[in-house]
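This report concerns only the one structure given below.
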Amino acid sequence: MTAPSRAQYLLRFDDLCPTMSRAGWERFVPLLRRYEIKPILAVVPANADPDLMVDATDDGFWEEMCGWEKDGAEIGLHGYRHVCAARGRGLLPLHEQSEFAGVQEGLQREWIRAGLAILRAKELEPGIWVAPRHGFDLTTLRVLREEGLGVLSDGFADSPFDVSGVRWIPQQLWGPREKKQGVWTICLHANTATDAALAELAAFLEQYAGEFTSVKRVLAQWPGREQTRADRWFHAQMMGRIRIDRWRRAVRSVG
Ligand SMILES: [Zn+2]
């Protein structure tokens, strides 16, 4: 298979766990079903983050995730406990604190192994790494590769690329935007998504549902390639834009 000429989109939901907001997640489900979307479902294996303890533990959560996986969704390993107490600088420095960036190798390995074991015990087969708060470093990449999880969802580029033997499927959007070509991952947080975000996604899907793809299709259609200077330029531009946006928001909230 070769890379498609038109832009392809992936939808990714973060922070899924048995205590997430049921209502928050369930309002997206009809849309996913209607358009047969095969999203990345980034699941926290052993959540200890109070922000993700919204509802009482849902006993049907794991079975529901198995159902989605059977229907073509890709289960993402979303960290281990989602406790973001590490202050190391990661490869994508979007937040000051994260769960993994800067943590010593032995601990990263322990957490990744434990996370994989929990998801597998629930009969899920996680095929992609999704770092909490985009926080991961070269140590994380080495551990992921050695633990057999050689794909991650993150990074700024217009198509997948490899770093340290791990395939990066880029994640550049936090809401739907029309693009001309490449692979674009839209990251959503069902726990906190607004009605406007839901409406925006519904309108986008109405027009572009046919261009939504799955992780397995992306891996089959896009060959591995090393990161290029163009990718680094894309990354630098995105980081610059994000910093300016944050600065503007900060100024507005002060003013
Ligand atoms: Zn998260």
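Residue numbers start at 1 in each chain; chains themselves are named A, B, ... in the order of the structure tokens; ligands are numbered from 1 in the order shown.
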
- request: Please check which protein, DNA or RNA residues sit within 9 Å of ligand 1, counting only C-alpha atoms and all ligand atoms, and write them as a PyMOL selection string.
  value: chain A and resi 14-16+42-44+52+78-79+82+130-134+189

With C-alpha atoms kept, could you save the residues just selected as a compact mmCIF listing (two decimals), in the first residue's frame?
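New file out_11.txt:
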```
# COMPACT_ATOMS: atom_id res chain seq x y z
CA ASP A 14 -6.89 10.56 26.06
CA ASP A 15 -7.39 9.77 29.74
CA LEU A 16 -9.73 6.81 29.41
CA ALA A 42 -5.40 6.09 25.25
CA VAL A 43 -6.08 4.12 28.43
CA VAL A 44 -4.48 4.81 31.83
CA LEU A 52 -9.40 11.57 36.25
CA HIS A 78 -1.35 6.16 28.33
CA GLY A 79 1.45 6.11 30.89
CA HIS A 82 -0.98 9.43 35.13
CA VAL A 130 0.62 7.83 24.34
CA ALA A 131 2.66 9.75 26.91
CA PRO A 132 0.75 11.70 29.59
CA ARG A 133 1.33 15.42 28.88
CA HIS A 134 3.53 14.49 25.90
CA HIS A 189 -10.18 14.79 26.12
```

query: If you count only C-alpha atoms, which residues fall within 12 Å of A:Glu206, apart from same-chain ones fewer than 3 positions away, as an NGL selection string?
result: :A and (31-32 or 34-35 or 176 or 199-203 or 209-212)

For the selection just defined, write its residues with C-alpha atoms to a file, as an mmCIF file, in the first residue's frame.
```cif
data_model
loop_
_atom_site.group_PDB
_atom_site.id
_atom_site.type_symbol
_atom_site.label_atom_id
_atom_site.label_comp_id
_atom_site.auth_asym_id
_atom_site.auth_seq_id
_atom_site.Cartn_x
_atom_site.Cartn_y
_atom_site.Cartn_z
ATOM 1 C CA LEU A 31 -20.570 9.953 16.434
ATOM 2 C CA LEU A 32 -17.837 7.306 16.465
ATOM 3 C CA ARG A 34 -22.233 6.508 13.031
ATOM 4 C CA TYR A 35 -19.065 7.077 11.022
ATOM 5 C CA PRO A 176 -10.450 19.217 13.659
ATOM 6 C CA ALA A 199 -20.311 20.121 17.607
ATOM 7 C CA GLU A 200 -17.120 21.011 15.764
ATOM 8 C CA LEU A 201 -16.167 17.342 15.491
ATOM 9 C CA ALA A 202 -19.673 16.413 14.306
ATOM 10 C CA ALA A 203 -19.528 19.032 11.548
ATOM 11 C CA ALA A 209 -15.502 10.950 7.730
ATOM 12 C CA GLY A 210 -14.205 9.112 4.662
ATOM 13 C CA GLU A 211 -10.697 10.463 5.274
ATOM 14 C CA PHE A 212 -10.458 9.066 8.821
#
```

Quick one: which stretch 114-179 of chain A residues come within 8 Å of stretch 230-243 of chain A, and what is the nearest atom pair for each with the distance in Å to one decimal, counting only C-alpha atoms, rows ordered by chain and ascending number, as JSON lines?
```
{"residue": "A:Gly155", "atom": "CA", "partner": "A:His235", "partner_atom": "CA", "distance": 7.5}
{"residue": "A:Phe156", "atom": "CA", "partner": "A:His235", "partner_atom": "CA", "distance": 4.9}
{"residue": "A:Ala157", "atom": "CA", "partner": "A:Asp231", "partner_atom": "CA", "distance": 5.1}
{"residue": "A:Asp158", "atom": "CA", "partner": "A:Asp231", "partner_atom": "CA", "distance": 7.6}
```

Can those selected residues be exported to a file as a JSON list (two decimals), in the first residue's frame so that it contains C-alpha atoms?
```json
[["chain", "number", "residue", "atom", "x", "y", "z"],
["A", 155, "GLY", "CA", 5.40, 14.69, 17.63],
["A", 156, "PHE", "CA", 5.09, 17.45, 15.07],
["A", 157, "ALA", "CA", 5.51, 16.49, 11.40],
["A", 158, "ASP", "CA", 3.16, 15.94, 8.47]]
```

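One distance worth recording is that between atom CA of A:Ile118 and atom CA of A:Pro45, which is 6.1 Å.
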
query: Can you tell me how far atom CA of A:Leu10 sits from atom CA of A:Val218, in Å to one decimal?
result: 9.1 Å

message: Give me, as a ChimeraX atom specification, all polymer residues having an atom no more than 7 Å from A:Gln172, counting only C-alpha atoms and skipping those fewer than 6 positions away in the same chain.
response: /A:156,184-186

Take the selection from the previous step and output its residues with C-alpha atoms, as a PDB file, in the first residue's frame.
```pdb
ATOM      1  CA  PHE A 156       5.088  17.448  15.069  1.00  0.00           C
ATOM      2  CA  TRP A 184      -3.108  14.397  11.187  1.00  0.00           C
ATOM      3  CA  THR A 185      -4.028  13.190  14.648  1.00  0.00           C
ATOM      4  CA  ILE A 186      -6.707  15.117  16.513  1.00  0.00           C
TER       5      ILE A 186
END
```

task: Point out the residue among A:Thr57, A:Gln207, A:Gln181, A:Gln104 with the least atom-to-atom distance to A:Ala3, counting only C-alpha atoms.
output: A:Gln181

message: Based on the backbone DSSP call, show me all residues of stretch 109-225 of chain A assigned strand (DSSP E), as a PyMOL selection string.
response: chain A and resi 128-129+151-153+161-163+166-169+183-188

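Remark: for A:Ile37, the closest of the candidate residues A:Leu205, A:Val163, A:Ala117, A:Leu94 is A:Leu205 (distances computed over only C-alpha atoms).
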
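Each of A:Glu64, A:Ala114, A:Asn191, A:Gly76 was checked against A:Thr19 using only C-alpha atoms; the smallest atom-to-atom distance is that of A:Asn191.
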
query: For the atom pair atom CA of A:Arg142 and atom CA of A:Arg109, what is the interatomic distance in Å to one decimal place?
result: 9.4 Å

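Counting only C-alpha atoms and comparing A:Lys38, A:Lys216, A:Lys122, A:Arg113, the residue that lies closest to A:Gly72 is A:Lys38.
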